[in-house]
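Asks: Next up, my_file.csv (CSV, C-alpha atoms).
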chain,number,residue,atom,x,y,z
C,1,MET,CA,33.2,-15.5,284.1
C,2,SER,CA,31.5,-13.7,287.0
C,3,ARG,CA,28.3,-11.8,286.5
C,4,TYR,CA,30.0,-8.5,287.3
C,5,ALA,CA,32.7,-9.1,284.8
C,6,ALA,CA,30.0,-9.9,282.2
C,7,VAL,CA,28.3,-6.6,283.0
C,8,ARG,CA,31.5,-4.7,282.5
C,9,ILE,CA,32.1,-6.3,279.1
C,10,VAL,CA,28.6,-5.5,278.0
C,11,LEU,CA,29.0,-1.9,279.0
C,12,ALA,CA,32.4,-1.7,277.4
C,13,THR,CA,31.0,-3.1,274.2
C,14,ALA,CA,28.0,-0.7,274.3
C,15,ALA,CA,30.5,2.2,274.5
C,16,LEU,CA,32.2,1.1,271.3
C,17,VAL,CA,29.0,0.9,269.2
C,18,GLY,CA,28.8,3.5,266.5
C,19,PRO,CA,25.5,4.9,265.0
C,20,GLY,CA,22.4,3.4,266.7
C,21,GLU,CA,21.0,3.2,270.1
C,22,TYR,CA,24.3,3.7,272.0
C,23,ALA,CA,25.7,6.3,269.6
C,24,ARG,CA,25.6,9.1,272.1
C,25,ALA,CA,27.6,9.2,275.3
C,26,GLN,CA,25.6,8.1,278.3
C,27,THR,CA,26.2,8.3,282.0
C,28,LEU,CA,25.4,5.3,284.2
C,29,VAL,CA,23.3,6.4,287.2
C,30,GLU,CA,22.6,3.1,289.1
C,31,TYR,CA,21.8,-0.6,288.9
C,32,SER,CA,18.8,-2.1,290.6
C,33,ALA,CA,17.2,-5.5,291.2
C,34,GLU,CA,13.4,-5.2,291.8
C,35,ALA,CA,10.2,-7.2,292.2
C,36,ARG,CA,7.1,-5.5,290.7
C,37,PHE,CA,3.4,-5.8,290.2
C,38,GLN,CA,2.0,-3.9,287.3
C,39,LEU,CA,-1.7,-3.0,286.7
C,40,ASP,CA,-2.6,-1.9,283.2
C,41,LEU,CA,-5.4,0.6,283.5
C,42,GLN,CA,-7.9,2.4,281.5
C,43,VAL,CA,-8.7,5.8,283.0
C,44,PRO,CA,-10.6,8.9,281.7
C,45,ASP,CA,-8.7,10.1,278.6
C,46,ALA,CA,-9.5,13.7,279.2
C,47,ALA,CA,-8.0,13.7,282.7
C,48,LEU,CA,-4.9,12.0,281.4
C,49,LYS,CA,-4.4,14.2,278.4
C,50,ALA,CA,-4.5,17.2,280.7
C,51,LEU,CA,-1.3,16.0,282.3
C,52,LEU,CA,0.6,15.6,279.0
C,53,PRO,CA,3.1,18.2,277.9
C,54,THR,CA,2.3,20.2,274.8
C,55,GLY,CA,2.9,18.2,271.6
C,56,TRP,CA,2.7,14.8,273.4
C,57,THR,CA,0.0,12.3,272.6
C,58,LEU,CA,-1.3,9.0,274.1
C,59,ASN,CA,-0.2,5.8,272.5
C,60,VAL,CA,-2.8,3.3,273.5
C,61,ALA,CA,-2.4,-0.3,272.2
C,62,THR,CA,-5.2,-1.6,270.0
C,63,GLN,CA,-4.4,-5.3,270.5
C,64,GLY,CA,-2.4,-7.6,272.7
C,65,ASN,CA,-2.0,-7.7,276.5
C,66,ALA,CA,-2.0,-3.9,276.8
C,67,LYS,CA,-5.1,-3.2,274.6
C,68,ASP,CA,-7.0,-0.1,275.8
C,69,ALA,CA,-4.5,0.6,278.6
C,70,ASN,CA,-3.6,4.3,278.8
C,71,LEU,CA,-2.0,4.2,282.2
C,72,ARG,CA,0.0,1.8,284.4
C,73,ALA,CA,0.3,1.7,288.1
C,74,ILE,CA,3.5,-0.1,289.0
C,75,PHE,CA,4.2,-1.2,292.5
C,76,VAL,CA,7.9,-1.6,293.1
C,77,ASP,CA,10.0,-3.3,295.7
C,78,ARG,CA,13.5,-2.0,295.0
C,79,LEU,CA,15.4,-4.9,296.6
C,80,THR,CA,18.8,-3.4,295.9
C,81,VAL,CA,19.9,-0.1,294.4
C,82,ASN,CA,23.6,0.3,293.7
C,83,ALA,CA,25.7,3.1,292.4
C,84,PRO,CA,28.1,2.7,289.5
C,85,ASP,CA,30.9,1.9,292.0
C,86,GLY,CA,28.8,-0.9,293.5
C,87,LYS,CA,28.0,0.7,296.8
C,88,PRO,CA,24.4,1.0,298.0
C,89,VAL,CA,22.5,4.1,297.0
C,90,GLY,CA,21.3,6.2,300.0
C,91,ARG,CA,21.0,5.0,303.5
C,92,THR,CA,19.9,1.5,302.8
C,93,GLY,CA,20.2,0.9,299.1
C,94,SER,CA,16.5,-0.1,299.0
C,95,ASN,CA,13.1,1.5,298.6
C,96,ARG,CA,9.4,0.8,298.0
C,97,LEU,CA,7.2,3.0,295.8
C,98,VAL,CA,4.4,3.0,293.3
C,99,TYR,CA,4.5,5.2,290.1
C,100,LEU,CA,2.1,6.0,287.3
C,101,ALA,CA,3.3,5.9,283.7
C,102,ALA,CA,1.5,6.5,280.5
C,103,PRO,CA,2.4,5.0,277.1
C,104,VAL,CA,2.8,8.1,274.8
C,105,LYS,CA,4.4,9.4,271.7
C,106,ASP,CA,6.8,12.4,272.1
C,107,PRO,CA,6.6,15.3,269.6
C,108,SER,CA,8.9,13.4,267.2
C,109,GLY,CA,6.6,10.4,267.2
C,110,ALA,CA,8.8,8.1,269.2
C,111,ASN,CA,7.1,5.6,271.5
C,112,VAL,CA,8.2,6.3,275.1
C,113,GLN,CA,6.9,6.2,278.7
C,114,LEU,CA,5.8,9.3,280.5
C,115,VAL,CA,6.0,9.3,284.3
C,116,ILE,CA,3.1,11.4,285.6
C,117,GLY,CA,3.1,10.6,289.3
C,118,GLY,CA,4.2,8.4,292.1
C,119,LEU,CA,4.3,7.8,295.9
C,120,THR,CA,7.6,6.8,297.6
C,121,GLU,CA,8.5,5.8,301.1
C,122,ASP,CA,12.0,7.3,300.8
C,123,PRO,CA,12.2,11.1,301.6
C,124,ALA,CA,15.3,11.3,299.4
C,125,ASP,CA,13.3,10.0,296.5
C,126,ALA,CA,10.7,12.8,296.6
C,127,PRO,CA,10.2,14.5,294.2
C,128,GLY,CA,12.7,12.1,292.6
C,129,PRO,CA,14.4,12.3,289.3
C,130,PHE,CA,11.2,13.0,287.4
C,131,GLY,CA,10.1,15.7,289.8
C,132,VAL,CA,6.6,14.1,290.3
C,133,TYR,CA,7.0,11.7,293.2
C,134,LEU,CA,5.2,12.5,296.5
C,135,LEU,CA,6.4,11.4,299.9
C,136,ALA,CA,4.2,8.6,301.2
C,137,THR,CA,3.4,9.4,304.8
C,138,THR,CA,1.7,6.0,304.9
C,139,HIS,CA,3.6,3.2,303.2
C,140,LYS,CA,3.0,-0.5,303.8
C,141,MET,CA,4.2,-3.5,301.7
C,142,GLN,CA,3.9,-7.2,302.4
C,143,ARG,CA,4.7,-10.0,300.0
C,144,SER,CA,4.4,-13.7,300.9
C,145,THR,CA,4.5,-17.1,299.3
C,146,SER,CA,2.8,-20.3,300.5
C,147,ALA,CA,3.9,-23.7,299.1
C,148,SER,CA,2.8,-27.1,300.5
C,149,GLY,CA,4.7,-29.4,298.1
C,150,ALA,CA,2.0,-31.1,296.0
C,151,GLY,CA,-0.4,-28.2,295.8
C,152,PRO,CA,-0.1,-24.9,293.9
C,153,ILE,CA,2.2,-22.1,295.0
C,154,LEU,CA,0.1,-19.2,296.3
C,155,ASP,CA,1.5,-15.7,296.5
C,156,SER,CA,-0.1,-12.6,298.1
C,157,GLN,CA,0.9,-9.0,297.9
C,158,ASP,CA,-0.5,-6.0,299.9
C,159,TRP,CA,0.6,-2.5,299.1
C,160,VAL,CA,-0.7,0.8,300.7
C,161,PHE,CA,0.7,4.3,299.9
C,162,ALA,CA,-0.8,7.6,300.9
C,163,ALA,CA,0.5,11.2,300.8
C,164,ALA,CA,-0.3,14.0,303.2
C,165,THR,CA,-2.1,15.8,300.3
C,166,GLY,CA,-4.6,13.0,299.9
C,167,GLU,CA,-3.2,10.9,297.0
C,168,HIS,CA,-3.8,7.2,297.8
C,169,LEU,CA,-2.9,4.1,295.9
C,170,GLU,CA,-3.6,0.6,297.4
C,171,MET,CA,-3.6,-2.9,296.0
C,172,HIS,CA,-4.3,-6.3,297.6
C,173,ILE,CA,-4.0,-9.5,295.5
C,174,LYS,CA,-3.7,-13.2,296.1
C,175,TYR,CA,-2.9,-15.5,293.1
C,176,GLN,CA,-1.6,-18.9,292.0
C,177,ARG,CA,1.8,-18.7,290.6
C,178,GLY,CA,2.1,-20.2,287.1
C,179,VAL,CA,4.8,-20.3,284.5
C,180,ALA,CA,6.5,-17.0,283.8
C,181,ASN,CA,8.4,-15.9,280.7
C,182,LYS,CA,11.7,-14.2,280.5
C,183,GLY,CA,11.8,-11.4,277.9
C,184,ASN,CA,14.7,-10.3,275.8
C,185,PRO,CA,16.7,-7.4,277.3
C,186,ASN,CA,15.3,-4.1,276.1
C,187,GLU,CA,15.8,-0.4,276.4
C,188,VAL,CA,13.0,2.0,277.5
C,189,ARG,CA,13.0,5.7,277.8
C,190,PHE,CA,11.1,7.3,280.7
C,191,TYR,CA,10.3,11.0,280.4
C,192,SER,CA,9.1,13.4,283.1
C,193,ALA,CA,5.6,14.9,282.7
C,194,LYS,CA,6.8,17.9,284.7
C,195,ASN,CA,10.0,18.5,282.7
C,196,PRO,CA,9.6,16.7,279.4
C,197,SER,CA,13.1,17.6,278.3
C,198,PHE,CA,14.4,15.2,281.0
C,199,TYR,CA,14.5,11.4,280.6
C,200,GLN,CA,16.2,8.3,281.8
C,201,ILE,CA,17.2,5.3,279.8
C,202,SER,CA,16.4,2.0,281.4
C,203,ARG,CA,18.2,-1.1,280.0
C,204,GLN,CA,16.4,-4.0,281.6
C,205,GLU,CA,15.4,-7.6,281.5
C,206,GLN,CA,12.6,-9.3,283.4
C,207,VAL,CA,10.6,-12.3,284.0
C,208,LEU,CA,6.8,-11.6,283.8
C,209,GLU,CA,3.6,-13.6,284.2
C,210,VAL,CA,0.3,-12.3,283.0
C,211,LEU,CA,-2.1,-13.5,285.8
C,212,ARG,CA,-5.3,-12.1,284.2
C,213,ASN,CA,-6.1,-10.2,281.1
C,214,VAL,CA,-9.4,-9.1,279.6
C,215,THR,CA,-8.2,-9.2,276.0
C,216,THR,CA,-6.0,-12.3,275.6
C,217,THR,CA,-7.8,-14.2,278.4
C,218,PRO,CA,-5.0,-16.4,279.7
C,219,PRO,CA,-5.8,-18.9,282.5
C,220,ASP,CA,-7.1,-16.7,285.3
C,221,ARG,CA,-4.8,-17.2,288.4
C,222,VAL,CA,-6.1,-14.3,290.5
C,223,LYS,CA,-7.9,-15.6,293.6
C,224,GLU,CA,-8.5,-12.3,295.4
C,225,PHE,CA,-8.0,-8.7,294.3
C,226,SER,CA,-8.8,-5.1,295.2
C,227,PHE,CA,-7.4,-1.8,294.0
C,228,LYS,CA,-8.1,1.6,295.4
C,229,ALA,CA,-6.9,4.9,294.0
C,230,SER,CA,-8.1,8.4,294.8
C,231,GLY,CA,-7.5,11.8,296.2
C,232,GLY,CA,-5.5,15.0,295.7
C,233,SER,CA,-4.0,15.4,292.2
C,234,TYR,CA,-5.1,11.8,291.3
C,235,ALA,CA,-8.8,12.5,291.9
C,236,LYS,CA,-9.7,13.1,288.2
C,237,LEU,CA,-7.7,10.1,287.0
C,238,PHE,CA,-9.4,7.8,289.4
C,239,ASP,CA,-13.0,9.0,289.4
C,240,GLY,CA,-14.6,5.6,289.9
C,241,THR,CA,-14.8,4.8,286.1
C,242,GLU,CA,-11.2,3.4,285.9
C,243,ARG,CA,-10.8,-0.3,285.1
C,244,VAL,CA,-8.0,-2.8,285.2
C,245,VAL,CA,-7.3,-4.5,281.8
C,246,SER,CA,-4.2,-6.6,282.8
C,247,TRP,CA,-2.7,-8.0,286.0
C,248,ASP,CA,1.1,-8.5,285.5
C,249,ASN,CA,3.3,-10.1,288.1
C,250,ILE,CA,7.0,-9.2,287.4
C,251,LEU,CA,8.9,-11.7,289.5
C,252,TRP,CA,12.2,-9.9,288.9
C,253,ILE,CA,13.6,-7.1,286.9
C,254,ASN,CA,17.2,-6.1,286.6
C,255,ARG,CA,17.9,-2.6,285.4
C,256,SER,CA,20.8,-0.3,284.5
C,257,VAL,CA,19.7,3.3,284.5
C,258,PHE,CA,21.5,5.9,282.3
C,259,LEU,CA,21.3,9.6,281.6
C,260,PRO,CA,21.8,10.7,278.0
Could you render the structure from this file as structure tokens?
Replies:
Amino acid sequence: MSRYAAVRIVLATAALVGPGEYARAQTLVEYSAEARFQLDLQVPDAALKALLPTGWTLNVATQGNAKDANLRAIFVDRLTVNAPDGKPVGRTGSNRLVYLAAPVKDPSGANVQLVIGGLTEDPADAPGPFGVYLLATTHKMQRSTSASGAGPILDSQDWVFAAATGEHLEMHIKYQRGVANKGNPNEVRFYSAKNPSFYQISRQEQVLEVLRNVTTTPPDRVKEFSFKASGGSYAKLFDGTERVVSWDNILWINRSVFLP
């Protein structure tokens, strides 16, 4: 059976499910295959709470890899983005961006992700579905791999995004690739901080490697690292007191995005 036939069967099966996560009719928006690098951050609570809609609260983990992280900066290389009919989305069917998401509880108490900002290189993606993305007037991305046979595999990533209004997010990292784990497929709801009644459903599976973590202390594979964030509407979030608590390399993530 081909991969695409399998996808069709999964979607058809999901449509037949009764009460539960697929009970309500949903509209497929796009498929995407991506490579990501995620920084779990601890930023000033007061600055972050000021961006939450009324009735929403932070949901900060007290243990595990995400302990103390109240914000994530996620650098995304959208390798392919395809519409439900399989055709590329937009001019190239590809994009690079970085977005900021906070783990929160909605007014009902459900655990969800709240997208509070982002910088994107694609003009058609600003302000984007969540209404919070800024067009990056500076956007640079370079990812490379070095392998010599007997020695370790070394990867490096360099990302720079900046908007005309001063928002700036930049990361440089070099690390030794280790053994990554594939997680079970899961479903995540991403809400808009600007319009909290809007959300997307992301059904996704990924392979992730934690390169460094201040709580669980896995083998530290990071050789070089720098992160800069500042300016504009991000100034209070990144006032110099922010700290990284986890460095997560997502080698690949496959997503199907739906609207409720």
Asks: If we count only C-alpha atoms, what is near segment 22-39 of chain C at a cut-off of 7 Å, once residues fewer than 5 positions away on the same chain are taken out, given as a count of residues only?
Replies: 32
Asks: Using all atoms listed in the file, which residue out of C:Lys182, C:Arg189, C:Lys194, C:Lys223 lies closest to Asn111 of chain C?
Replies: C:Arg189
Asks: Identify, on the basis of all atoms listed in the file, every residue whose closest approach to segment 135-150 of chain C does not exceed 8 Å; exclude the query and any residue fewer than 2 positions from it along the same chain; express the result as a list of chain:residue names.
Replies: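 Residues near the query, excluding close chain neighbours: C:Arg96, C:Leu119, C:Thr120, C:Glu121, C:Asp122, C:Pro123, C:Asp125, C:Ala126, C:Pro127, C:Tyr133, C:Pro152, C:Ile153, C:Leu154, C:Asp155, C:Ser156, C:Gln157, C:Asp158, C:Trp159, C:Val160, C:Phe161, C:Ala162, C:Ala163, C:Ala164.
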Asks: Out of C:Asp45, C:Asp85, C:Glu209, C:Glu224, which residue has the shortest atom-to-atom distance to Tyr175 of chain C when counting all atoms listed in the file?
Replies: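 The closest residue to Tyr175 of chain C is C:Glu224.
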Asks: Let me make sure I understand: among C:Gly55, C:Lys228, C:Ala124, C:Gln63, which one has the smallest atom-to-atom distance to Val89 of chain C if we use all atoms listed in the file?
Replies: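 Smallest distance to Val89 of chain C is found for C:Ala124.
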Asks: From the list C:Ser192, C:Thr92, C:Thr215, C:Ser233, which residue is nearest Thr62 of chain C when using all atoms listed in the file?
Replies: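 Of C:Ser192, C:Thr92, C:Thr215, C:Ser233, the one nearest Thr62 of chain C is C:Thr215, counting all atoms listed in the file.
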Asks: Grab the atom CA of Pro196 of chain C to atom CA of Val115 of chain C distance for me, in Å with one decimal place.
Replies: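 Distance reported for this atom pair: 9.6 Å.
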Asks: Could you check how far atom CA of Pro219 of chain C sits from atom CA of Gln176 of chain C, in Å to one decimal?
Replies: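 These atoms are spaced 10.4 Å apart.
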Asks: Please indicate the distance in Å from atom CA of Ile116 of chain C to atom CA of Thr216 of chain C, rounded to one decimal place.
Replies: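 Going from atom CA of Ile116 of chain C over to atom CA of Thr216 of chain C, I get 27.3 Å.
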Asks: Which of these, C:Glu167, C:Glu242, C:Asp106, C:Asp220, has the shortest distance to Val43 of chain C once you count all atoms listed in the file?
Replies: C:Glu242
Asks: Using only C-alpha atoms, can you tell me which of C:Asp40, C:Thr57, C:Ala46, C:Asn186 comes closest to Lys236 of chain C?
Replies: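 Answer, going by the shortest atom-to-atom distance: C:Ala46.
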